[in-house]
file data10.txt (compact mmCIF, N, CA, C and O atoms)
# COMPACT_ATOMS: atom_id res chain seq x y z
N PHE K 1 -32.87 -79.74 -72.96
CA PHE K 1 -34.13 -79.02 -73.08
C PHE K 1 -34.14 -77.73 -72.27
O PHE K 1 -34.67 -76.73 -72.69
N GLY K 2 -33.65 -77.77 -71.07
CA GLY K 2 -33.76 -76.64 -70.15
C GLY K 2 -35.06 -76.71 -69.38
O GLY K 2 -35.97 -77.47 -69.72
N ALA K 3 -35.14 -75.92 -68.34
CA ALA K 3 -36.33 -75.91 -67.49
C ALA K 3 -37.45 -75.13 -68.18
O ALA K 3 -37.18 -74.13 -68.83
N PRO K 4 -38.67 -75.50 -68.05
CA PRO K 4 -39.19 -76.70 -67.39
C PRO K 4 -39.37 -77.87 -68.36
O PRO K 4 -39.88 -78.91 -67.96
N LYS K 5 -38.93 -77.73 -69.61
CA LYS K 5 -39.13 -78.80 -70.59
C LYS K 5 -38.47 -80.10 -70.16
O LYS K 5 -39.03 -81.18 -70.34
N GLN K 6 -37.25 -80.00 -69.61
CA GLN K 6 -36.55 -81.23 -69.23
C GLN K 6 -37.29 -81.96 -68.12
O GLN K 6 -37.37 -83.19 -68.13
N GLU K 7 -37.84 -81.22 -67.16
CA GLU K 7 -38.58 -81.86 -66.08
C GLU K 7 -39.85 -82.52 -66.59
O GLU K 7 -40.20 -83.62 -66.17
N LYS K 8 -40.53 -81.87 -67.52
CA LYS K 8 -41.74 -82.45 -68.10
C LYS K 8 -41.40 -83.71 -68.90
O LYS K 8 -42.11 -84.71 -68.83
N TRP K 9 -40.31 -83.67 -69.65
CA TRP K 9 -39.89 -84.83 -70.44
C TRP K 9 -39.54 -86.00 -69.52
O TRP K 9 -39.92 -87.14 -69.75
N ILE K 10 -38.79 -85.70 -68.46
CA ILE K 10 -38.40 -86.75 -67.52
C ILE K 10 -39.64 -87.38 -66.90
O ILE K 10 -39.76 -88.60 -66.81
N ARG K 11 -40.58 -86.54 -66.44
CA ARG K 11 -41.81 -87.06 -65.82
C ARG K 11 -42.59 -87.93 -66.79
O ARG K 11 -43.07 -89.00 -66.44
N LYS K 12 -42.68 -87.51 -68.04
CA LYS K 12 -43.45 -88.25 -69.05
C LYS K 12 -42.79 -89.59 -69.39
O LYS K 12 -43.47 -90.58 -69.63
N ASN K 13 -41.46 -89.65 -69.39
CA ASN K 13 -40.74 -90.83 -69.85
C ASN K 13 -40.08 -91.64 -68.74
O ASN K 13 -39.36 -92.61 -69.04
N LEU K 14 -40.31 -91.29 -67.50
CA LEU K 14 -39.60 -91.92 -66.39
C LEU K 14 -39.76 -93.44 -66.35
O LEU K 14 -38.79 -94.17 -66.21
N LEU K 15 -40.97 -93.93 -66.49
CA LEU K 15 -41.19 -95.38 -66.42
C LEU K 15 -40.50 -96.11 -67.57
O LEU K 15 -39.95 -97.20 -67.39
N GLU K 16 -40.52 -95.51 -68.76
CA GLU K 16 -39.88 -96.15 -69.92
C GLU K 16 -38.35 -96.13 -69.82
O GLU K 16 -37.69 -96.99 -70.37
N LEU K 17 -37.79 -95.15 -69.12
CA LEU K 17 -36.34 -95.06 -69.00
C LEU K 17 -35.77 -96.20 -68.16
O LEU K 17 -34.63 -96.61 -68.37
N ASN K 18 -36.55 -96.67 -67.18
CA ASN K 18 -36.13 -97.78 -66.34
C ASN K 18 -34.78 -97.51 -65.68
O ASN K 18 -33.86 -98.33 -65.76
N VAL K 19 -34.64 -96.33 -65.07
CA VAL K 19 -33.43 -95.96 -64.35
C VAL K 19 -33.81 -95.52 -62.94
O VAL K 19 -34.91 -95.02 -62.72
N PRO K 20 -32.89 -95.68 -61.97
CA PRO K 20 -33.24 -95.30 -60.60
C PRO K 20 -33.21 -93.79 -60.35
O PRO K 20 -33.89 -93.29 -59.46
N VAL K 21 -32.43 -93.05 -61.14
CA VAL K 21 -32.26 -91.61 -60.91
C VAL K 21 -32.21 -90.88 -62.25
O VAL K 21 -31.62 -91.38 -63.21
N THR K 22 -32.83 -89.71 -62.29
CA THR K 22 -32.70 -88.85 -63.47
C THR K 22 -32.24 -87.48 -62.99
O THR K 22 -32.45 -87.10 -61.85
N LEU K 23 -31.60 -86.75 -63.89
CA LEU K 23 -31.09 -85.44 -63.54
C LEU K 23 -31.15 -84.55 -64.78
O LEU K 23 -30.61 -84.90 -65.83
N GLY K 24 -31.84 -83.43 -64.65
CA GLY K 24 -31.86 -82.45 -65.73
C GLY K 24 -30.73 -81.45 -65.51
O GLY K 24 -30.65 -80.84 -64.44
N VAL K 25 -29.85 -81.31 -66.46
CA VAL K 25 -28.69 -80.44 -66.27
C VAL K 25 -28.89 -79.04 -66.82
O VAL K 25 -28.16 -78.12 -66.46
N GLY K 26 -29.85 -78.86 -67.71
CA GLY K 26 -30.17 -77.54 -68.23
C GLY K 26 -28.96 -76.76 -68.71
O GLY K 26 -28.15 -77.24 -69.48
N GLY K 27 -28.82 -75.54 -68.20
CA GLY K 27 -27.75 -74.64 -68.61
C GLY K 27 -26.36 -75.09 -68.19
O GLY K 27 -25.36 -74.62 -68.75
N SER K 28 -26.26 -76.00 -67.24
CA SER K 28 -24.95 -76.47 -66.79
C SER K 28 -24.19 -77.12 -67.94
O SER K 28 -22.97 -76.96 -68.06
N PHE K 29 -24.89 -77.86 -68.78
CA PHE K 29 -24.24 -78.54 -69.90
C PHE K 29 -23.60 -77.52 -70.84
O PHE K 29 -22.48 -77.70 -71.31
N GLU K 30 -24.31 -76.42 -71.12
CA GLU K 30 -23.77 -75.39 -72.01
C GLU K 30 -22.52 -74.73 -71.41
O GLU K 30 -21.59 -74.39 -72.13
N MET K 31 -22.50 -74.57 -70.10
CA MET K 31 -21.33 -73.97 -69.46
C MET K 31 -20.14 -74.91 -69.49
O MET K 31 -19.02 -74.50 -69.78
N ILE K 32 -20.38 -76.18 -69.21
CA ILE K 32 -19.30 -77.17 -69.23
C ILE K 32 -18.75 -77.32 -70.64
O ILE K 32 -17.54 -77.45 -70.84
N ALA K 33 -19.63 -77.28 -71.64
CA ALA K 33 -19.21 -77.42 -73.04
C ALA K 33 -18.55 -76.17 -73.58
O ALA K 33 -17.99 -76.18 -74.68
N GLY K 34 -18.60 -75.07 -72.83
CA GLY K 34 -17.98 -73.83 -73.28
C GLY K 34 -18.85 -73.00 -74.20
O GLY K 34 -18.38 -72.03 -74.79
N ILE K 35 -20.12 -73.35 -74.33
CA ILE K 35 -21.04 -72.60 -75.18
C ILE K 35 -21.44 -71.29 -74.49
O ILE K 35 -21.56 -70.25 -75.13
N ARG K 36 -21.65 -71.33 -73.20
CA ARG K 36 -21.99 -70.17 -72.38
C ARG K 36 -20.95 -70.04 -71.28
O ARG K 36 -20.39 -71.03 -70.81
N SER K 37 -20.73 -68.81 -70.83
CA SER K 37 -19.77 -68.60 -69.75
C SER K 37 -20.50 -68.29 -68.45
O SER K 37 -21.60 -67.73 -68.47
N ARG K 38 -19.88 -68.67 -67.35
CA ARG K 38 -20.43 -68.31 -66.04
C ARG K 38 -20.12 -66.85 -65.77
O ARG K 38 -19.23 -66.25 -66.37
N ALA K 39 -20.84 -66.31 -64.84
CA ALA K 39 -20.61 -64.92 -64.45
C ALA K 39 -19.25 -64.80 -63.76
O ALA K 39 -18.76 -65.77 -63.19
N PRO K 40 -18.67 -63.61 -63.78
CA PRO K 40 -17.44 -63.41 -63.01
C PRO K 40 -17.68 -63.73 -61.53
O PRO K 40 -18.80 -63.61 -61.03
N LEU K 41 -16.64 -64.11 -60.83
CA LEU K 41 -16.76 -64.54 -59.45
C LEU K 41 -17.43 -63.49 -58.56
O LEU K 41 -18.26 -63.83 -57.71
N VAL K 42 -17.13 -62.23 -58.79
CA VAL K 42 -17.74 -61.17 -57.97
C VAL K 42 -19.25 -61.14 -58.17
O VAL K 42 -20.01 -60.94 -57.22
N VAL K 43 -19.71 -61.36 -59.39
CA VAL K 43 -21.15 -61.40 -59.69
C VAL K 43 -21.78 -62.63 -59.04
O VAL K 43 -22.87 -62.55 -58.48
N GLN K 44 -21.08 -63.76 -59.08
CA GLN K 44 -21.57 -64.98 -58.43
C GLN K 44 -21.73 -64.76 -56.93
O GLN K 44 -22.75 -65.12 -56.33
N LYS K 45 -20.72 -64.15 -56.31
CA LYS K 45 -20.76 -63.92 -54.86
C LYS K 45 -21.86 -62.95 -54.45
O LYS K 45 -22.37 -63.03 -53.34
N MET K 46 -22.22 -62.05 -55.35
CA MET K 46 -23.31 -61.10 -55.07
C MET K 46 -24.68 -61.75 -55.24
O MET K 46 -25.69 -61.15 -54.93
N GLY K 47 -24.70 -62.99 -55.77
CA GLY K 47 -25.97 -63.68 -55.98
C GLY K 47 -26.70 -63.18 -57.22
O GLY K 47 -27.92 -63.29 -57.31
N LEU K 48 -25.96 -62.64 -58.17
CA LEU K 48 -26.58 -62.06 -59.37
C LEU K 48 -26.23 -62.80 -60.65
O LEU K 48 -26.29 -62.24 -61.74
N GLU K 49 -25.88 -64.08 -60.52
CA GLU K 49 -25.54 -64.84 -61.73
C GLU K 49 -26.75 -64.93 -62.66
O GLU K 49 -26.59 -64.97 -63.87
N TRP K 50 -27.95 -64.94 -62.08
CA TRP K 50 -29.16 -64.95 -62.91
C TRP K 50 -29.18 -63.72 -63.82
O TRP K 50 -29.60 -63.82 -64.97
N LEU K 51 -28.74 -62.57 -63.33
CA LEU K 51 -28.73 -61.34 -64.12
C LEU K 51 -27.70 -61.44 -65.25
O LEU K 51 -27.95 -60.99 -66.37
N TRP K 52 -26.58 -62.05 -64.96
CA TRP K 52 -25.54 -62.29 -65.97
C TRP K 52 -26.10 -63.17 -67.10
O TRP K 52 -25.93 -62.89 -68.27
N ARG K 53 -26.79 -64.25 -66.70
CA ARG K 53 -27.39 -65.15 -67.69
C ARG K 53 -28.45 -64.43 -68.51
O ARG K 53 -28.57 -64.63 -69.71
N PHE K 54 -29.24 -63.61 -67.85
CA PHE K 54 -30.26 -62.84 -68.56
C PHE K 54 -29.62 -61.93 -69.60
O PHE K 54 -30.12 -61.79 -70.71
N GLY K 55 -28.49 -61.32 -69.26
CA GLY K 55 -27.77 -60.47 -70.20
C GLY K 55 -27.27 -61.23 -71.42
O GLY K 55 -27.17 -60.67 -72.51
N GLN K 56 -26.98 -62.52 -71.25
CA GLN K 56 -26.51 -63.34 -72.37
C GLN K 56 -27.65 -63.77 -73.28
O GLN K 56 -27.45 -63.91 -74.48
N GLU K 57 -28.84 -64.01 -72.72
CA GLU K 57 -29.97 -64.51 -73.50
C GLU K 57 -31.28 -63.83 -73.07
O GLU K 57 -32.19 -64.48 -72.58
N PRO K 58 -31.39 -62.51 -73.26
CA PRO K 58 -32.58 -61.81 -72.74
C PRO K 58 -33.90 -62.27 -73.35
O PRO K 58 -34.90 -62.39 -72.64
N VAL K 59 -33.92 -62.56 -74.63
CA VAL K 59 -35.18 -62.95 -75.27
C VAL K 59 -35.66 -64.29 -74.72
O VAL K 59 -36.83 -64.47 -74.38
N ARG K 60 -34.75 -65.24 -74.60
CA ARG K 60 -35.12 -66.57 -74.13
C ARG K 60 -35.49 -66.58 -72.65
O ARG K 60 -36.41 -67.29 -72.23
N LEU K 61 -34.83 -65.78 -71.84
CA LEU K 61 -35.02 -65.85 -70.40
C LEU K 61 -36.02 -64.83 -69.85
O LEU K 61 -36.38 -64.91 -68.68
N PHE K 62 -36.49 -63.90 -70.67
CA PHE K 62 -37.40 -62.86 -70.17
C PHE K 62 -38.64 -63.46 -69.51
O PHE K 62 -39.00 -63.10 -68.41
N ARG K 63 -39.28 -64.39 -70.21
CA ARG K 63 -40.50 -64.98 -69.66
C ARG K 63 -40.23 -65.70 -68.34
O ARG K 63 -40.94 -65.53 -67.36
N ARG K 64 -39.17 -66.51 -68.31
CA ARG K 64 -38.86 -67.29 -67.11
C ARG K 64 -38.56 -66.38 -65.92
O ARG K 64 -39.04 -66.59 -64.83
N TYR K 65 -37.73 -65.37 -66.15
CA TYR K 65 -37.29 -64.54 -65.03
C TYR K 65 -38.31 -63.49 -64.62
O TYR K 65 -38.42 -63.18 -63.44
N PHE K 66 -39.03 -62.93 -65.58
CA PHE K 66 -39.90 -61.81 -65.25
C PHE K 66 -41.39 -62.15 -65.29
O PHE K 66 -42.11 -61.86 -64.35
N LEU K 67 -41.86 -62.75 -66.34
CA LEU K 67 -43.29 -63.04 -66.42
C LEU K 67 -43.69 -64.18 -65.50
O LEU K 67 -44.74 -64.14 -64.87
N ASP K 68 -42.86 -65.22 -65.40
CA ASP K 68 -43.16 -66.34 -64.51
C ASP K 68 -42.55 -66.13 -63.12
O ASP K 68 -43.15 -66.48 -62.11
N GLY K 69 -41.35 -65.58 -63.07
CA GLY K 69 -40.62 -65.47 -61.82
C GLY K 69 -41.17 -64.47 -60.83
O GLY K 69 -41.27 -64.75 -59.63
N ILE K 70 -41.54 -63.29 -61.29
CA ILE K 70 -42.01 -62.25 -60.37
C ILE K 70 -43.31 -62.66 -59.68
O ILE K 70 -43.41 -62.53 -58.45
N PRO K 71 -44.33 -63.16 -60.39
CA PRO K 71 -45.52 -63.61 -59.67
C PRO K 71 -45.21 -64.73 -58.66
O PRO K 71 -45.75 -64.74 -57.55
N PHE K 72 -44.33 -65.65 -59.02
CA PHE K 72 -43.96 -66.73 -58.11
C PHE K 72 -43.29 -66.17 -56.85
O PHE K 72 -43.62 -66.54 -55.74
N LEU K 73 -42.34 -65.25 -57.04
CA LEU K 73 -41.65 -64.67 -55.89
C LEU K 73 -42.59 -63.85 -55.03
O LEU K 73 -42.50 -63.88 -53.80
N THR K 74 -43.51 -63.13 -55.65
CA THR K 74 -44.48 -62.34 -54.89
C THR K 74 -45.36 -63.25 -54.05
O THR K 74 -45.59 -62.99 -52.86
N LYS K 75 -45.87 -64.31 -54.65
CA LYS K 75 -46.72 -65.26 -53.92
C LYS K 75 -45.94 -65.91 -52.78
O LYS K 75 -46.44 -66.02 -51.65
N THR K 76 -44.71 -66.32 -53.04
CA THR K 76 -43.89 -66.95 -52.01
C THR K 76 -43.60 -65.99 -50.87
O THR K 76 -43.68 -66.36 -49.70
N ALA K 77 -43.26 -64.74 -51.19
CA ALA K 77 -42.99 -63.75 -50.16
C ALA K 77 -44.23 -63.50 -49.31
O ALA K 77 -44.14 -63.38 -48.08
N PHE K 78 -45.40 -63.46 -49.93
CA PHE K 78 -46.65 -63.25 -49.20
C PHE K 78 -46.91 -64.42 -48.24
O PHE K 78 -47.23 -64.21 -47.07
N ILE K 79 -46.74 -65.64 -48.73
CA ILE K 79 -46.96 -66.82 -47.89
C ILE K 79 -45.99 -66.83 -46.71
O ILE K 79 -46.37 -67.11 -45.57
N MET K 80 -44.73 -66.49 -46.97
CA MET K 80 -43.74 -66.47 -45.89
C MET K 80 -44.07 -65.39 -44.86
O MET K 80 -43.94 -65.61 -43.65
N ALA K 81 -44.49 -64.22 -45.34
CA ALA K 81 -44.84 -63.13 -44.42
C ALA K 81 -46.04 -63.51 -43.56
O ALA K 81 -46.05 -63.27 -42.35
N MET K 82 -47.05 -64.11 -44.17
CA MET K 82 -48.24 -64.52 -43.41
C MET K 82 -47.87 -65.60 -42.39
O MET K 82 -48.34 -65.58 -41.26
N SER K 83 -47.03 -66.52 -42.79
CA SER K 83 -46.60 -67.59 -41.89
C SER K 83 -45.86 -67.00 -40.69
O SER K 83 -46.07 -67.41 -39.55
N ARG K 84 -45.01 -66.03 -40.95
CA ARG K 84 -44.26 -65.38 -39.87
C ARG K 84 -45.21 -64.64 -38.93
O ARG K 84 -45.07 -64.71 -37.71
N LEU K 85 -46.18 -63.93 -39.48
CA LEU K 85 -47.15 -63.20 -38.65
C LEU K 85 -47.96 -64.16 -37.78
O LEU K 85 -48.19 -63.91 -36.60
N ILE K 86 -48.37 -65.27 -38.38
CA ILE K 86 -49.15 -66.26 -37.62
C ILE K 86 -48.31 -66.86 -36.50
O ILE K 86 -48.77 -67.00 -35.37
N SER K 87 -47.05 -67.20 -36.81
CA SER K 87 -46.20 -67.80 -35.77
C SER K 87 -45.87 -66.79 -34.68
O SER K 87 -45.79 -67.14 -33.51
N GLN K 88 -45.71 -65.52 -35.00
CA GLN K 88 -45.46 -64.49 -33.99
C GLN K 88 -46.69 -64.30 -33.11
O GLN K 88 -46.58 -64.12 -31.90
N GLY K 89 -47.87 -64.38 -33.71
CA GLY K 89 -49.10 -64.24 -32.96
C GLY K 89 -49.28 -65.38 -31.96
O GLY K 89 -49.67 -65.17 -30.82
N SER K 90 -48.96 -66.59 -32.37
CA SER K 90 -49.12 -67.73 -31.46
C SER K 90 -48.06 -67.70 -30.37
O SER K 90 -48.31 -68.14 -29.26
N THR K 91 -46.89 -67.15 -30.64
CA THR K 91 -45.84 -67.02 -29.63
C THR K 91 -46.26 -66.02 -28.57
O THR K 91 -46.05 -66.22 -27.38
N ARG K 92 -46.86 -64.91 -29.00
CA ARG K 92 -47.30 -63.88 -28.05
C ARG K 92 -48.41 -64.37 -27.15
O ARG K 92 -48.51 -64.00 -25.99
N GLN K 93 -49.28 -65.23 -27.66
CA GLN K 93 -50.38 -65.75 -26.85
C GLN K 93 -49.85 -66.66 -25.75
O GLN K 93 -50.46 -66.77 -24.69
N ASN K 94 -48.71 -67.30 -26.00
CA ASN K 94 -48.16 -68.21 -25.00
C ASN K 94 -47.36 -67.49 -23.92
O ASN K 94 -46.97 -68.07 -22.94
N ASP K 95 -47.07 -66.18 -24.11
CA ASP K 95 -46.30 -65.41 -23.12
C ASP K 95 -47.12 -65.03 -21.93
O ASP K 95 -48.24 -64.95 -21.81
call {"tool": "encode", "arguments": {"input": "data10.txt", "output": "structure tokens"}}
result
Amino acid sequence: FGAPKQEKWIRKNLLELNVPVTLGVGGSFEMIAGIRSRAPLVVQKMGLEWLWRFGQEPVRLFRRYFLDGIPFLTKTAFIMAMSRLISQGSTRQND
């Protein structure tokens, strides 16, 4: 199914599956089967494999990477920044 469909399917069917562990493999299965290729090692080391995958399937991945991903990353960055500011403020008060 791929994310997030596989996670939703697992959650919906978990009790009926009667197994101790489930694992959604998503795009890994396509890579192992040779349907899709991994990024070159240099791209992997740069942390840009997501960009390589986007280049292979831009229509399918646009929503996940840009419409859903950017708001999520923005919110996460804001929460982390606020947390850091709060922790720095409490450290200064203890000095």
call {"tool": "closest_residue", "arguments": {"input": "data10.txt", "among": "K:Met46, K:Gly24, K:Leu85, K:Pro40", "to": "Lys8 in chain K", "atoms": "only C-alpha atoms"}}
result
K:Gly24
call {"tool": "atom_distance", "arguments": {"input": "data10.txt", "atom1": "atom C of Tyr65 in chain K", "atom2": "CA of Arg53 in chain K"}}
result
11.5 Å
call {"tool": "axis_aligned_box", "arguments": {"input": "data10.txt", "around": "range 36-43 of chain K", "padding_each_side": "4 Å", "output": "lines of an AutoDock Vina configuration file"}}
result
center_x = -19.8
center_y = -66.1
center_z = -65.2
size_x = 14.2
size_y = 18.4
size_z = 24.0
call {"tool": "atom_distance", "arguments": {"input": "data10.txt", "atom1": "atom O of Thr22 in chain K", "atom2": "atom O of Phe1 in chain K"}}
result
15.2 Å
call {"tool": "atom_distance", "arguments": {"input": "data10.txt", "atom1": "CA of Val21 in chain K", "atom2": "CA of Ala33 in chain K"}}
result
22.8 Å
call {"tool": "closest_residue", "arguments": {"input": "data10.txt", "among": "K:Arg64, K:Ser37, K:Gly89, K:Leu17", "to": "Trp52 in chain K", "atoms": "all atoms listed in the file"}}
result
K:Ser37
call {"tool": "closest_residue", "arguments": {"input": "data10.txt", "among": "K:Arg11, K:Gly2, K:Arg63, K:Lys75", "to": "Gly27 in chain K", "atoms": "all atoms listed in the file"}}
result
K:Gly2
